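Here the structure is laid out as structure tokens; the discussion comes afterwards.
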Amino acid sequence: MSKTTIPAGGLSADSVTTAKIADDAVTAAKAGFSAGKVLQMVNSHDANKASTTNTSFTKLHTSSSITPSATSSKILVMITTSAGNDVSAGSGSNANFRIIRTVSSSDTFVGSDPIYNRYGRGDGDDGYATDLFSYIIEDSPSTTSAVTYSIAGKKIDGSAEPFVGGRAEDTAYQYGTRFTLLEIGA
């Protein structure tokens, strides 16, 4: 094997390029970081709208399941939907929405706070109060069993029911709810 000598002044900045480094020469451990990898992706879309009159959290839309390959995997949960309430004769309502993880029929809230608070109006006019929103959260389910995620809502007060995925009493505006789940390896 031949020896290469490095000049006393060091190497010039352009003497070692990416093309000159073998693909397997630098590992994550030597680079000083451990990069997570996307191991799988699951997309689902619930095209319907859903609502509740309950004052406790009720599942409204649920994702397809994802089965983590290791208990150390993280799941990146991305949700896009619309949320709001029907404002009938000025009777707006206030609502909260949260994310629920389900594993083997056991439900657990993801995150510590509601992901969205919808405050209805009460100005005496019939109408709709609807907002489009997206939500992203990283979850650590610590399982290799199938996992689903749901958006759940509850009515806090008022007479109008909160809904997701469309506009109340209107079939012309049905947005649905889109879920994207990414398993990230440790």
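Note on naming: chains are A, B, ... as they come in the structure tokens, residues start from 1 per chain, ligands start from 1 in the order shown.
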
Could you pull the residues within 6 Å of segment 174-180 of chain A, counting only C-alpha atoms, minus those fewer than 6 positions along the same chain, as a PyMOL selection string? chain A and resi 42-49+63+78-81+165-166

Fewer than 6 positions away in the same chain doesn't count, so skip those; otherwise give me all residues within 10 Å of Thr55 of chain A, counting only C-alpha atoms, as a list in words.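 What passes the distance filter is Ala95, Asn96, Gly153, Lys154, Lys155, Ile156, Asp157 and Glu161 of chain A.
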
I need the chosen residues saved as an mmCIF file, in the first residue's frame, with all heavy atoms.
data_model
loop_
_atom_site.group_PDB
_atom_site.id
_atom_site.type_symbol
_atom_site.label_atom_id
_atom_site.label_comp_id
_atom_site.auth_asym_id
_atom_site.auth_seq_id
_atom_site.Cartn_x
_atom_site.Cartn_y
_atom_site.Cartn_z
ATOM 1 N N ALA A 95 -66.206 24.616 20.819
ATOM 2 C CA ALA A 95 -65.810 23.214 20.729
ATOM 3 C C ALA A 95 -64.299 23.081 20.837
ATOM 4 O O ALA A 95 -63.561 24.011 20.519
ATOM 5 C CB ALA A 95 -66.275 22.625 19.397
ATOM 6 N N ASN A 96 -63.857 21.931 21.305
ATOM 7 C CA ASN A 96 -62.437 21.561 21.322
ATOM 8 C C ASN A 96 -62.254 20.317 20.475
ATOM 9 O O ASN A 96 -63.149 19.482 20.388
ATOM 10 C CB ASN A 96 -61.953 21.222 22.728
ATOM 11 C CG ASN A 96 -61.780 22.411 23.633
ATOM 12 O OD1 ASN A 96 -62.043 22.309 24.812
ATOM 13 N ND2 ASN A 96 -61.325 23.530 23.126
ATOM 14 N N GLY A 153 -63.798 15.385 18.803
ATOM 15 C CA GLY A 153 -64.323 16.696 19.151
ATOM 16 C C GLY A 153 -65.321 16.597 20.281
ATOM 17 O O GLY A 153 -65.870 15.527 20.558
ATOM 18 N N LYS A 154 -65.535 17.725 20.950
ATOM 19 C CA LYS A 154 -66.574 17.804 21.968
ATOM 20 C C LYS A 154 -67.146 19.208 21.986
ATOM 21 O O LYS A 154 -66.456 20.192 21.692
ATOM 22 C CB LYS A 154 -66.049 17.420 23.346
ATOM 23 C CG LYS A 154 -65.192 18.471 24.022
ATOM 24 C CD LYS A 154 -64.853 18.069 25.435
ATOM 25 C CE LYS A 154 -64.049 19.136 26.160
ATOM 26 N NZ LYS A 154 -63.783 18.774 27.552
ATOM 27 N N LYS A 155 -68.408 19.263 22.286
ATOM 28 C CA LYS A 155 -69.082 20.556 22.426
ATOM 29 C C LYS A 155 -68.853 21.049 23.842
ATOM 30 O O LYS A 155 -68.992 20.289 24.809
ATOM 31 C CB LYS A 155 -70.571 20.390 22.135
ATOM 32 C CG LYS A 155 -71.338 21.690 22.203
ATOM 33 C CD LYS A 155 -72.726 21.563 21.640
ATOM 34 C CE LYS A 155 -73.620 20.803 22.578
ATOM 35 N NZ LYS A 155 -75.035 20.909 22.206
ATOM 36 N N ILE A 156 -68.472 22.310 23.979
ATOM 37 C CA ILE A 156 -68.246 22.882 25.305
ATOM 38 C C ILE A 156 -69.519 23.559 25.799
ATOM 39 O O ILE A 156 -69.938 23.375 26.927
ATOM 40 C CB ILE A 156 -67.071 23.880 25.281
ATOM 41 C CG1 ILE A 156 -65.801 23.145 24.879
ATOM 42 C CG2 ILE A 156 -66.903 24.541 26.637
ATOM 43 C CD1 ILE A 156 -64.633 24.045 24.626
ATOM 44 N N ASP A 157 -70.125 24.345 24.941
ATOM 45 C CA ASP A 157 -71.375 25.014 25.302
ATOM 46 C C ASP A 157 -72.105 25.436 24.025
ATOM 47 O O ASP A 157 -71.609 25.233 22.923
ATOM 48 C CB ASP A 157 -71.117 26.220 26.210
ATOM 49 C CG ASP A 157 -70.198 27.256 25.572
ATOM 50 O OD1 ASP A 157 -70.103 27.310 24.332
ATOM 51 O OD2 ASP A 157 -69.566 28.014 26.321
ATOM 52 N N GLU A 161 -73.839 22.026 16.966
ATOM 53 C CA GLU A 161 -72.906 20.908 17.091
ATOM 54 C C GLU A 161 -71.618 21.175 16.326
ATOM 55 O O GLU A 161 -71.645 21.660 15.203
ATOM 56 C CB GLU A 161 -73.557 19.609 16.632
ATOM 57 C CG GLU A 161 -74.097 19.625 15.232
ATOM 58 C CD GLU A 161 -74.935 18.401 14.941
ATOM 59 O OE1 GLU A 161 -76.125 18.429 15.258
ATOM 60 O OE2 GLU A 161 -74.379 17.429 14.407
#

Enter the distance from atom CA of Tyr149 of chain A to atom CA of Leu181 of chain A, in Å, rounded to one decimal.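 For atom CA of Tyr149 of chain A relative to atom CA of Leu181 of chain A, the distance reads 8.9 Å.
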
Which residues are near Leu76 of chain A? Cut-off 7 Å, only C-alpha atoms, ignore same chain within fewer than 4 positions. Put them as a ChimeraX atom specification. /A:137-139,181-183

Requested write-out: N, CA and C atoms of the selected residues, as a PDB file, in the first residue's frame:
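What landed in again-v2.pdb:
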ATOM      1  N   ILE A 137     -47.977  16.341  14.716  1.00  0.00           N
ATOM      2  CA  ILE A 137     -47.438  16.000  16.036  1.00  0.00           C
ATOM      3  C   ILE A 137     -46.630  14.713  15.921  1.00  0.00           C
ATOM      4  N   GLU A 138     -45.571  14.628  16.707  1.00  0.00           N
ATOM      5  CA  GLU A 138     -44.771  13.406  16.786  1.00  0.00           C
ATOM      6  C   GLU A 138     -45.271  12.591  17.972  1.00  0.00           C
ATOM      7  N   ASP A 139     -45.472  11.304  17.749  1.00  0.00           N
ATOM      8  CA  ASP A 139     -45.980  10.429  18.802  1.00  0.00           C
ATOM      9  C   ASP A 139     -45.018   9.262  18.993  1.00  0.00           C
ATOM     10  N   LEU A 181     -49.447   9.369   7.977  1.00  0.00           N
ATOM     11  CA  LEU A 181     -48.698   8.813   9.101  1.00  0.00           C
ATOM     12  C   LEU A 181     -47.341   8.336   8.595  1.00  0.00           C
ATOM     13  N   LEU A 182     -46.273   8.793   9.232  1.00  0.00           N
ATOM     14  CA  LEU A 182     -44.910   8.383   8.870  1.00  0.00           C
ATOM     15  C   LEU A 182     -44.267   7.688  10.061  1.00  0.00           C
ATOM     16  N   GLU A 183     -43.775   6.473   9.844  1.00  0.00           N
ATOM     17  CA  GLU A 183     -42.991   5.813  10.887  1.00  0.00           C
ATOM     18  C   GLU A 183     -41.538   6.253  10.707  1.00  0.00           C
TER      19      GLU A 183
END

Between atom CA of Arg101 of chain A and atom CA of Gly84 of chain A, what distance in Å does the model show, to one decimal? 22.3 Å
